[in-house]
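Next comes structure18.txt, with compact mmCIF, C-alpha atoms.
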# COMPACT_ATOMS: atom_id res chain seq x y z
CA MET A 2 0.00 0.00 0.00
CA THR A 3 1.53 3.30 -1.12
CA ASP A 4 -1.45 5.67 -1.21
CA TYR A 5 -1.89 7.48 2.12
CA ARG A 6 -5.63 6.76 2.05
CA ASP A 7 -5.09 3.01 1.72
CA VAL A 8 -2.54 2.99 4.54
CA ASN A 9 -4.71 5.08 6.87
CA ARG A 10 -7.94 3.28 5.96
CA ALA A 11 -6.42 -0.06 6.96
CA ASN A 12 -5.46 1.45 10.29
CA TRP A 13 -8.92 2.92 10.94
CA ASP A 14 -10.75 -0.21 9.79
CA GLU A 15 -8.79 -2.19 12.35
CA ARG A 16 -9.40 0.33 15.13
CA ALA A 17 -13.17 0.48 14.66
CA ASP A 18 -14.21 -2.57 16.70
CA ALA A 19 -11.76 -1.81 19.51
CA HIS A 20 -13.01 1.77 19.74
CA ALA A 21 -16.65 0.65 19.73
CA ALA A 22 -15.92 -1.76 22.61
CA SER A 23 -14.03 0.78 24.69
CA ALA A 24 -15.31 2.71 27.68
CA ASP A 25 -13.86 5.86 26.14
CA TYR A 26 -16.53 5.97 23.43
CA GLY A 27 -19.26 4.73 25.80
CA LEU A 28 -21.67 3.25 23.26
CA ALA A 29 -23.72 1.61 26.00
CA ALA A 30 -24.61 5.01 27.43
CA PHE A 31 -26.17 6.05 24.11
CA GLU A 32 -28.40 2.99 24.14
CA ALA A 33 -29.34 3.40 27.80
CA ASP A 34 -30.12 7.13 27.72
CA PRO A 35 -31.79 8.81 24.71
CA GLY A 36 -30.53 12.19 25.94
CA HIS A 37 -26.90 11.16 26.26
CA LEU A 38 -24.35 13.17 24.26
CA SER A 39 -20.70 12.47 23.57
CA ARG A 40 -18.23 14.29 25.79
CA VAL A 41 -16.86 16.08 22.71
CA VAL A 42 -20.25 17.50 21.74
CA ARG A 43 -21.04 18.43 25.34
CA PHE A 44 -17.85 20.50 25.35
CA ASP A 45 -18.85 22.11 22.04
CA LEU A 46 -22.36 23.09 23.13
CA PRO A 47 -21.65 26.64 24.44
CA LEU A 48 -20.11 27.64 21.09
CA LEU A 49 -22.22 25.36 18.92
CA GLY A 50 -25.53 26.76 20.12
CA ASP A 51 -28.95 25.73 18.80
CA ILE A 52 -28.71 23.50 15.72
CA ALA A 53 -32.28 22.17 15.75
CA GLY A 54 -33.73 21.99 12.27
CA LEU A 55 -30.40 22.32 10.47
CA ARG A 56 -29.20 19.93 7.79
CA GLY A 57 -25.69 18.96 8.85
CA VAL A 58 -22.81 16.79 7.70
CA HIS A 59 -20.08 15.45 9.98
CA LEU A 60 -16.89 14.89 8.01
CA GLN A 61 -14.59 12.05 9.12
CA CYS A 62 -17.24 10.83 11.54
CA HIS A 63 -15.58 7.50 12.55
CA ILE A 64 -18.02 5.36 14.58
CA GLY A 65 -20.64 8.08 14.76
CA THR A 66 -20.92 9.03 18.44
CA ASP A 67 -20.53 12.75 17.77
CA THR A 68 -22.75 12.51 14.67
CA LEU A 69 -25.52 10.86 16.68
CA SER A 70 -25.10 13.46 19.42
CA LEU A 71 -25.66 16.26 16.90
CA ALA A 72 -28.78 14.47 15.66
CA ARG A 73 -30.02 14.30 19.24
CA LEU A 74 -29.71 18.08 19.35
CA GLY A 75 -32.25 18.29 16.53
CA ALA A 76 -30.14 18.44 13.38
CA THR A 77 -30.76 16.16 10.40
CA MET A 78 -27.32 14.60 10.20
CA THR A 79 -25.22 12.80 7.62
CA GLY A 80 -21.95 11.22 8.68
CA LEU A 81 -19.16 10.68 6.14
CA ASP A 82 -16.06 8.53 6.57
CA PHE A 83 -13.72 6.45 4.40
CA SER A 84 -13.64 3.44 6.76
CA SER A 85 -16.31 0.85 6.01
CA ARG A 86 -15.85 -0.89 9.36
CA SER A 87 -16.19 2.39 11.23
CA LEU A 88 -19.41 3.13 9.36
CA ALA A 89 -20.77 -0.35 10.10
CA ARG A 90 -20.36 0.43 13.79
CA ALA A 91 -21.89 3.89 13.33
CA ARG A 92 -24.96 2.50 11.54
CA ARG A 93 -25.45 -0.14 14.23
CA LEU A 94 -25.29 2.52 16.94
CA ALA A 95 -27.83 4.76 15.19
CA GLU A 96 -30.21 1.83 14.62
CA ARG A 97 -30.09 0.87 18.29
CA ALA A 98 -29.99 4.32 19.87
CA GLY A 99 -31.56 6.70 17.32
CA PRO A 100 -32.48 9.18 15.99
CA PRO A 101 -31.82 8.14 12.40
CA VAL A 102 -28.55 9.24 10.80
CA GLU A 103 -27.41 8.64 7.22
CA PHE A 104 -23.85 7.35 6.98
CA VAL A 105 -21.96 7.55 3.68
CA GLU A 106 -18.62 5.97 2.77
CA SER A 107 -16.33 8.37 0.92
CA ASP A 108 -12.99 10.10 0.95
CA VAL A 109 -13.52 13.54 2.47
CA TYR A 110 -12.31 15.41 -0.61
CA ALA A 111 -14.98 13.67 -2.70
CA ALA A 112 -17.80 14.69 -0.35
CA PRO A 113 -19.37 17.35 -2.63
CA ASP A 114 -19.57 14.89 -5.52
CA VAL A 115 -21.08 12.19 -3.29
CA LEU A 116 -23.42 14.32 -1.15
CA GLY A 117 -24.22 17.19 -3.50
CA ARG A 118 -23.10 20.81 -3.51
CA HIS A 119 -24.33 23.72 -1.43
CA GLY A 120 -27.01 21.75 0.41
CA PHE A 121 -25.89 21.82 4.04
CA ASP A 122 -26.54 24.35 6.80
CA LEU A 123 -23.73 22.95 8.95
CA VAL A 124 -20.41 21.27 8.31
CA TYR A 125 -19.06 19.83 11.56
CA THR A 126 -15.63 18.29 11.88
CA GLY A 127 -13.77 17.50 15.03
CA ILE A 128 -10.88 16.29 17.05
CA GLY A 129 -8.15 14.42 15.18
CA ALA A 130 -9.50 14.91 11.65
CA LEU A 131 -7.33 17.40 9.75
CA CYS A 132 -4.09 15.58 10.55
CA TRP A 133 -5.11 12.81 8.11
CA LEU A 134 -5.41 15.20 5.16
CA PRO A 135 -2.43 16.38 3.08
CA ASP A 136 -3.91 19.65 1.78
CA VAL A 137 -5.83 22.01 4.08
CA HIS A 138 -6.71 24.36 1.21
CA ARG A 139 -8.45 21.51 -0.62
CA TRP A 140 -10.27 20.63 2.60
CA ALA A 141 -11.53 24.21 2.99
CA GLN A 142 -12.72 24.21 -0.62
CA THR A 143 -14.58 20.97 0.13
CA VAL A 144 -16.30 22.59 3.11
CA ALA A 145 -17.30 25.62 1.03
CA ALA A 146 -18.69 23.36 -1.70
CA LEU A 147 -20.91 21.55 0.82
CA LEU A 148 -22.36 24.65 2.49
CA ARG A 149 -25.33 26.62 1.25
CA PRO A 150 -25.03 30.44 1.33
CA GLY A 151 -25.20 31.38 5.00
CA GLY A 152 -24.20 27.86 6.02
CA ARG A 153 -21.73 27.37 8.85
CA LEU A 154 -18.48 25.53 9.52
CA PHE A 155 -17.83 24.32 13.07
CA LEU A 156 -14.37 22.89 13.63
CA ARG A 157 -12.83 21.88 16.93
CA GLU A 158 -9.43 20.32 16.49
CA GLY A 159 -6.18 19.48 18.21
CA HIS A 160 -3.95 22.54 18.18
CA PRO A 161 -1.03 22.39 15.71
CA VAL A 162 1.34 23.23 18.56
CA LEU A 163 0.10 20.14 20.41
CA TRP A 164 0.63 18.00 17.30
CA ALA A 165 4.20 19.32 16.94
CA LEU A 166 5.33 18.36 20.46
CA ASP A 167 7.83 15.66 21.36
CA TYR A 168 5.55 13.04 22.94
CA GLU A 169 8.38 10.81 24.15
CA ARG A 170 9.86 13.10 26.79
CA ASP A 171 9.65 12.10 30.44
CA ASP A 172 10.29 15.57 31.92
CA ASP A 173 8.02 18.61 32.12
CA LEU A 174 9.54 20.44 29.15
CA LEU A 175 7.41 21.21 26.10
CA VAL A 176 9.65 20.68 23.08
CA LEU A 177 8.62 21.11 19.44
CA SER A 178 10.10 18.23 17.45
CA GLU A 179 7.52 17.56 14.71
CA PRO A 180 6.54 19.90 11.85
CA TYR A 181 4.18 22.73 12.77
CA PHE A 182 3.48 23.73 9.16
CA GLU A 183 1.98 21.63 6.39
CA THR A 184 4.63 19.64 4.52
CA GLU A 185 4.57 18.03 1.10
CA ARG A 186 5.53 14.63 2.46
CA PRO A 187 3.65 13.05 5.38
CA GLN A 188 5.01 12.19 8.76
CA VAL A 189 5.05 8.39 8.78
CA TYR A 190 4.42 6.75 12.15
CA ASP A 191 4.43 3.10 13.20
CA GLU A 192 2.72 2.85 16.59
CA PRO A 193 1.22 -0.34 18.03
CA GLY A 194 -1.67 1.08 20.06
CA THR A 195 -4.48 3.59 19.80
CA TYR A 196 -5.84 6.43 21.91
CA VAL A 197 -8.37 4.31 23.83
CA ASP A 198 -7.70 1.75 26.55
CA THR A 199 -7.73 -1.65 24.83
CA ASP A 200 -5.91 -4.98 24.89
CA VAL A 201 -6.32 -5.46 21.13
CA GLU A 202 -3.07 -5.99 19.25
CA PHE A 203 -3.21 -4.28 15.87
CA THR A 204 -1.63 -5.43 12.63
CA HIS A 205 -1.97 -2.25 10.53
CA THR A 206 0.04 0.14 12.67
CA VAL A 207 1.53 2.53 10.09
CA THR A 208 -0.12 5.91 9.48
CA HIS A 209 0.59 8.89 7.24
CA GLU A 210 -0.19 12.25 8.85
CA TRP A 211 0.24 15.99 8.29
CA ASN A 212 0.17 19.00 10.57
CA HIS A 213 -1.35 22.31 9.46
CA GLY A 214 -0.43 25.61 11.10
CA LEU A 215 -3.24 27.70 12.56
CA GLY A 216 -2.49 30.51 10.11
CA GLU A 217 -2.60 28.05 7.22
CA ILE A 218 -6.02 26.79 8.32
CA VAL A 219 -7.51 30.26 8.74
CA THR A 220 -6.04 31.40 5.41
CA ALA A 221 -7.45 28.33 3.65
CA VAL A 222 -10.92 28.99 5.07
CA LEU A 223 -10.79 32.64 3.97
CA ALA A 224 -9.49 31.73 0.50
CA ALA A 225 -12.43 29.32 0.07
CA GLY A 226 -14.85 32.22 0.44
CA LEU A 227 -15.87 31.77 4.07
CA THR A 228 -15.98 34.52 6.69
CA VAL A 229 -14.38 33.60 10.02
CA THR A 230 -16.81 34.32 12.86
CA GLY A 231 -14.90 32.86 15.78
CA LEU A 232 -11.54 31.43 16.84
CA VAL A 233 -11.05 30.22 20.40
CA GLU A 234 -8.03 28.36 21.78
CA HIS A 235 -8.68 25.93 24.64
CA ARG A 236 -6.64 24.61 27.56
CA SER A 237 -7.89 21.02 27.33
CA VAL A 238 -8.09 18.11 24.91
CA PRO A 239 -10.43 15.06 24.93
CA TRP A 240 -7.69 12.42 25.23
CA GLU A 241 -4.50 12.07 27.27
CA ALA A 242 -2.27 13.55 24.59
CA LEU A 243 0.86 13.54 26.77
CA PRO A 244 0.62 10.36 28.87
CA GLY A 245 1.76 10.75 32.43
CA ARG A 246 1.90 14.54 32.15
CA MET A 247 -1.80 15.35 32.14
CA ARG A 248 -4.78 15.26 34.49
CA ARG A 249 -8.52 15.24 33.95
CA ASP A 250 -10.36 18.50 34.51
CA ASP A 251 -13.92 18.99 35.78
CA ALA A 252 -15.34 18.52 32.27
CA GLY A 253 -13.61 15.15 31.86
CA GLU A 254 -11.04 16.48 29.39
CA TRP A 255 -7.27 16.36 29.77
CA GLN A 256 -4.86 19.20 30.39
CA LEU A 257 -1.25 19.61 31.42
CA THR A 258 -0.80 18.91 35.12
CA ASP A 259 1.91 21.56 35.41
CA SER A 260 0.89 25.04 34.22
CA PRO A 261 -1.63 24.17 31.49
CA GLU A 262 -1.66 27.80 30.39
CA ARG A 263 1.68 27.09 28.65
CA LEU A 264 0.02 25.08 25.91
CA PRO A 265 -2.89 25.65 23.50
CA HIS A 266 -4.42 22.18 23.62
CA THR A 267 -7.27 22.54 21.10
CA TYR A 268 -9.09 25.31 19.22
CA THR A 269 -12.56 26.00 17.85
CA LEU A 270 -12.86 27.73 14.49
CA GLN A 271 -16.21 28.88 13.13
CA ALA A 272 -16.94 30.39 9.72
CA VAL A 273 -19.90 31.21 7.48
CA ARG A 274 -20.21 30.92 3.71
CA SER A 275 -21.29 34.13 1.98

Please go through the file and, once you have read it, give me the structure as structure tokens.
Amino acid sequence: MTDYRDVNRANWDERADAHAASADYGLAAFEADPGHLSRVVRFDLPLLGDIAGLRGVHLQCHIGTDTLSLARLGATMTGLDFSSRSLARARRLAERAGPPVEFVESDVYAAPDVLGRHGFDLVYTGIGALCWLPDVHRWAQTVAALLRPGGRLFLREGHPVLWALDYERDDDLLVLSEPYFETERPQVYDEPGTYVDTDVEFTHTVTHEWNHGLGEIVTAVLAAGLTVTGLVEHRSVPWEALPGRMRRDDAGEWQLTDSPERLPHTYTLQAVRS
């Protein structure tokens, strides 16, 4: 496998069942409580606001917990992902827990051709999505092509400074060792585990990833014809990004144990199509 999509798809296909079985995603809570929302969407709510009645698409939706949460807030949701096994899990969750969600298998850049152009009120994309894409300008153009005039982008993502850190250090220093800016060639990683607690041993452990600087992301959104309406940097992240150096906060997210104000952990970017 030489294409980055084939390499990464194999990795995500293999992760899907382990993620669905993990306490971190908490699928049982969705089935037990029709009002339950994912922790990610609960964090987003103050900035997300009322989305009832909107037609939304969640790009790179994985196993659908955030997509289903947005549907529970009253939006008519479509989830899109390139991993067939992830979507199988997402469809099963929606069938058991409702409300109905349409899940579509596609590469994210092909979304306008698959879903239609300029038909969505909301494009939502979240934590750990952009790092799998080689070209942030093409991604922004994809978002613009999906949105109707007046439609809205909501993006919460890991901060590019967080992605650029040296994760292997065992002291309290924050050291940038990975690219901050988008590069032509991917960073190639071979890591045996995943970000949830699981005993599963994976076979497809290689991934191809890219960072994108915050200025590059904002510029790409503006160049695609969107107007930025909000940019907030946060002091927490949904997973233990720096193992052994973080603690849970009151919202159940993770932040640096020592002086979390040193690090932008995540950010929320919002924009509207003219």

Against segment 148-161 of chain A, which residues of segment 193-229 of chain A fall within 7 Å? For each one I want the closest pair of atoms and the distance in Å (one decimal), counting only C-alpha atoms, rows by chain and increasing residue number, as JSON lines.
{"residue": "A:Asn212", "atom": "CA", "partner": "A:Pro161", "partner_atom": "CA", "distance": 6.3}
{"residue": "A:His213", "atom": "CA", "partner": "A:Pro161", "partner_atom": "CA", "distance": 6.3}
{"residue": "A:Gly214", "atom": "CA", "partner": "A:Pro161", "partner_atom": "CA", "distance": 5.7}
{"residue": "A:Leu215", "atom": "CA", "partner": "A:Pro161", "partner_atom": "CA", "distance": 6.6}

At what distance in Å, to one decimal, does atom CA of Trp255 of chain A lie from atom CA of Ala95 of chain A?
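Computing the Euclidean distance for atom CA of Ala95 of chain A and atom CA of Trp255 of chain A yields 27.7 Å.
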
Can you measure atom CA of Asp108 of chain A to atom CA of Leu81 of chain A for me? One decimal in Å is fine.
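Atom-to-atom, atom CA of Asp108 of chain A and atom CA of Leu81 of chain A are spaced 8.1 Å apart.
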
Residues near segment 174-178 of chain A, anyone? I mean within 6 Å using all atoms listed in the file, not counting same-chain ones fewer than 4 positions away, as a PyMOL selection string.
chain A and resi 165-167

Kindly assemble as a Markdown table a list of the segment 85-162 of chain A residues that lie within 9 Å of segment 35-44 of chain A, each paired with its nearest atom pair and their distance in Å to one decimal, using only C-alpha atoms, sorted first by chain and then by ascending residue number.
| residue | atom | partner | partner_atom | distance |
| --- | --- | --- | --- | --- |
| A:Ala98 | CA | A:Pro35 | CA | 6.8 |
| A:Gly99 | CA | A:Pro35 | CA | 7.7 |
| A:Pro100 | CA | A:Pro35 | CA | 8.8 |
| A:Gly127 | CA | A:Val41 | CA | 8.4 |
| A:Ile128 | CA | A:Val41 | CA | 8.2 |

Hey, which of A:His266, A:Arg248, A:Arg16, A:Arg73 ends up closest to Pro193 of chain A? Count all atoms listed in the file.
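Among the listed residues, the smallest separation from Pro193 of chain A belongs to A:Arg16.
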
Contacts of segment 24-30 of chain A at 12 Å or less, counting only C-alpha atoms, minus same-chain residues fewer than 4 places along, as number ranges by chain?
A: 17-20, 34-41, 63-67, 69-70, 90-91, 93-95, 97-98, 195-199, 239-241, 253-254

Atom CA of Ala145 of chain A to atom CA of Gly117 of chain A measures 11.8 Å

Give me segment 77-95 of chain A with N, CA and C atoms filled in, as a PDB file, in the coordinates of the input.
ATOM      1  N   THR A  77     -30.675  17.312  11.304  1.00  0.00           N
ATOM      2  CA  THR A  77     -30.760  16.160  10.400  1.00  0.00           C
ATOM      3  C   THR A  77     -29.358  15.882   9.899  1.00  0.00           C
ATOM      4  N   MET A  78     -28.753  14.793  10.384  1.00  0.00           N
ATOM      5  CA  MET A  78     -27.320  14.600  10.200  1.00  0.00           C
ATOM      6  C   MET A  78     -26.986  13.509   9.186  1.00  0.00           C
ATOM      7  N   THR A  79     -25.911  13.783   8.446  1.00  0.00           N
ATOM      8  CA  THR A  79     -25.220  12.800   7.620  1.00  0.00           C
ATOM      9  C   THR A  79     -23.800  12.680   8.141  1.00  0.00           C
ATOM     10  N   GLY A  80     -23.332  11.458   8.301  1.00  0.00           N
ATOM     11  CA  GLY A  80     -21.950  11.220   8.680  1.00  0.00           C
ATOM     12  C   GLY A  80     -21.183  10.644   7.499  1.00  0.00           C
ATOM     13  N   LEU A  81     -19.976  11.148   7.270  1.00  0.00           N
ATOM     14  CA  LEU A  81     -19.160  10.680   6.140  1.00  0.00           C
ATOM     15  C   LEU A  81     -17.799  10.232   6.657  1.00  0.00           C
ATOM     16  N   ASP A  82     -17.366   9.059   6.173  1.00  0.00           N
ATOM     17  CA  ASP A  82     -16.060   8.530   6.570  1.00  0.00           C
ATOM     18  C   ASP A  82     -15.579   7.572   5.478  1.00  0.00           C
ATOM     19  N   PHE A  83     -14.266   7.349   5.422  1.00  0.00           N
ATOM     20  CA  PHE A  83     -13.720   6.450   4.400  1.00  0.00           C
ATOM     21  C   PHE A  83     -13.553   5.022   4.890  1.00  0.00           C
ATOM     22  N   SER A  84     -13.837   4.761   6.166  1.00  0.00           N
ATOM     23  CA  SER A  84     -13.640   3.440   6.760  1.00  0.00           C
ATOM     24  C   SER A  84     -14.967   2.689   6.804  1.00  0.00           C
ATOM     25  N   SER A  85     -15.074   1.616   6.050  1.00  0.00           N
ATOM     26  CA  SER A  85     -16.310   0.850   6.010  1.00  0.00           C
ATOM     27  C   SER A  85     -16.623   0.212   7.360  1.00  0.00           C
ATOM     28  N   ARG A  86     -15.604  -0.246   8.065  1.00  0.00           N
ATOM     29  CA  ARG A  86     -15.850  -0.890   9.360  1.00  0.00           C
ATOM     30  C   ARG A  86     -16.271   0.128  10.403  1.00  0.00           C
ATOM     31  N   SER A  87     -15.733   1.335  10.323  1.00  0.00           N
ATOM     32  CA  SER A  87     -16.190   2.390  11.230  1.00  0.00           C
ATOM     33  C   SER A  87     -17.659   2.706  10.973  1.00  0.00           C
ATOM     34  N   LEU A  88     -18.032   2.805   9.693  1.00  0.00           N
ATOM     35  CA  LEU A  88     -19.410   3.130   9.360  1.00  0.00           C
ATOM     36  C   LEU A  88     -20.373   2.009   9.733  1.00  0.00           C
ATOM     37  N   ALA A  89     -19.925   0.763   9.652  1.00  0.00           N
ATOM     38  CA  ALA A  89     -20.770  -0.350  10.100  1.00  0.00           C
ATOM     39  C   ALA A  89     -21.107  -0.188  11.575  1.00  0.00           C
ATOM     40  N   ARG A  90     -20.128   0.189  12.361  1.00  0.00           N
ATOM     41  CA  ARG A  90     -20.360   0.430  13.790  1.00  0.00           C
ATOM     42  C   ARG A  90     -21.272   1.632  13.996  1.00  0.00           C
ATOM     43  N   ALA A  91     -21.064   2.691  13.207  1.00  0.00           N
ATOM     44  CA  ALA A  91     -21.890   3.890  13.330  1.00  0.00           C
ATOM     45  C   ALA A  91     -23.350   3.593  13.000  1.00  0.00           C
ATOM     46  N   ARG A  92     -23.583   2.836  11.939  1.00  0.00           N
ATOM     47  CA  ARG A  92     -24.960   2.500  11.540  1.00  0.00           C
ATOM     48  C   ARG A  92     -25.632   1.651  12.619  1.00  0.00           C
ATOM     49  N   ARG A  93     -24.893   0.712  13.182  1.00  0.00           N
ATOM     50  CA  ARG A  93     -25.450  -0.140  14.230  1.00  0.00           C
ATOM     51  C   ARG A  93     -25.845   0.693  15.444  1.00  0.00           C
ATOM     52  N   LEU A  94     -24.992   1.656  15.809  1.00  0.00           N
ATOM     53  CA  LEU A  94     -25.290   2.520  16.940  1.00  0.00           C
ATOM     54  C   LEU A  94     -26.555   3.335  16.681  1.00  0.00           C
ATOM     55  N   ALA A  95     -26.663   3.938  15.497  1.00  0.00           N
ATOM     56  CA  ALA A  95     -27.830   4.760  15.190  1.00  0.00           C
ATOM     57  C   ALA A  95     -29.109   3.929  15.156  1.00  0.00           C
TER      58      ALA A  95
END
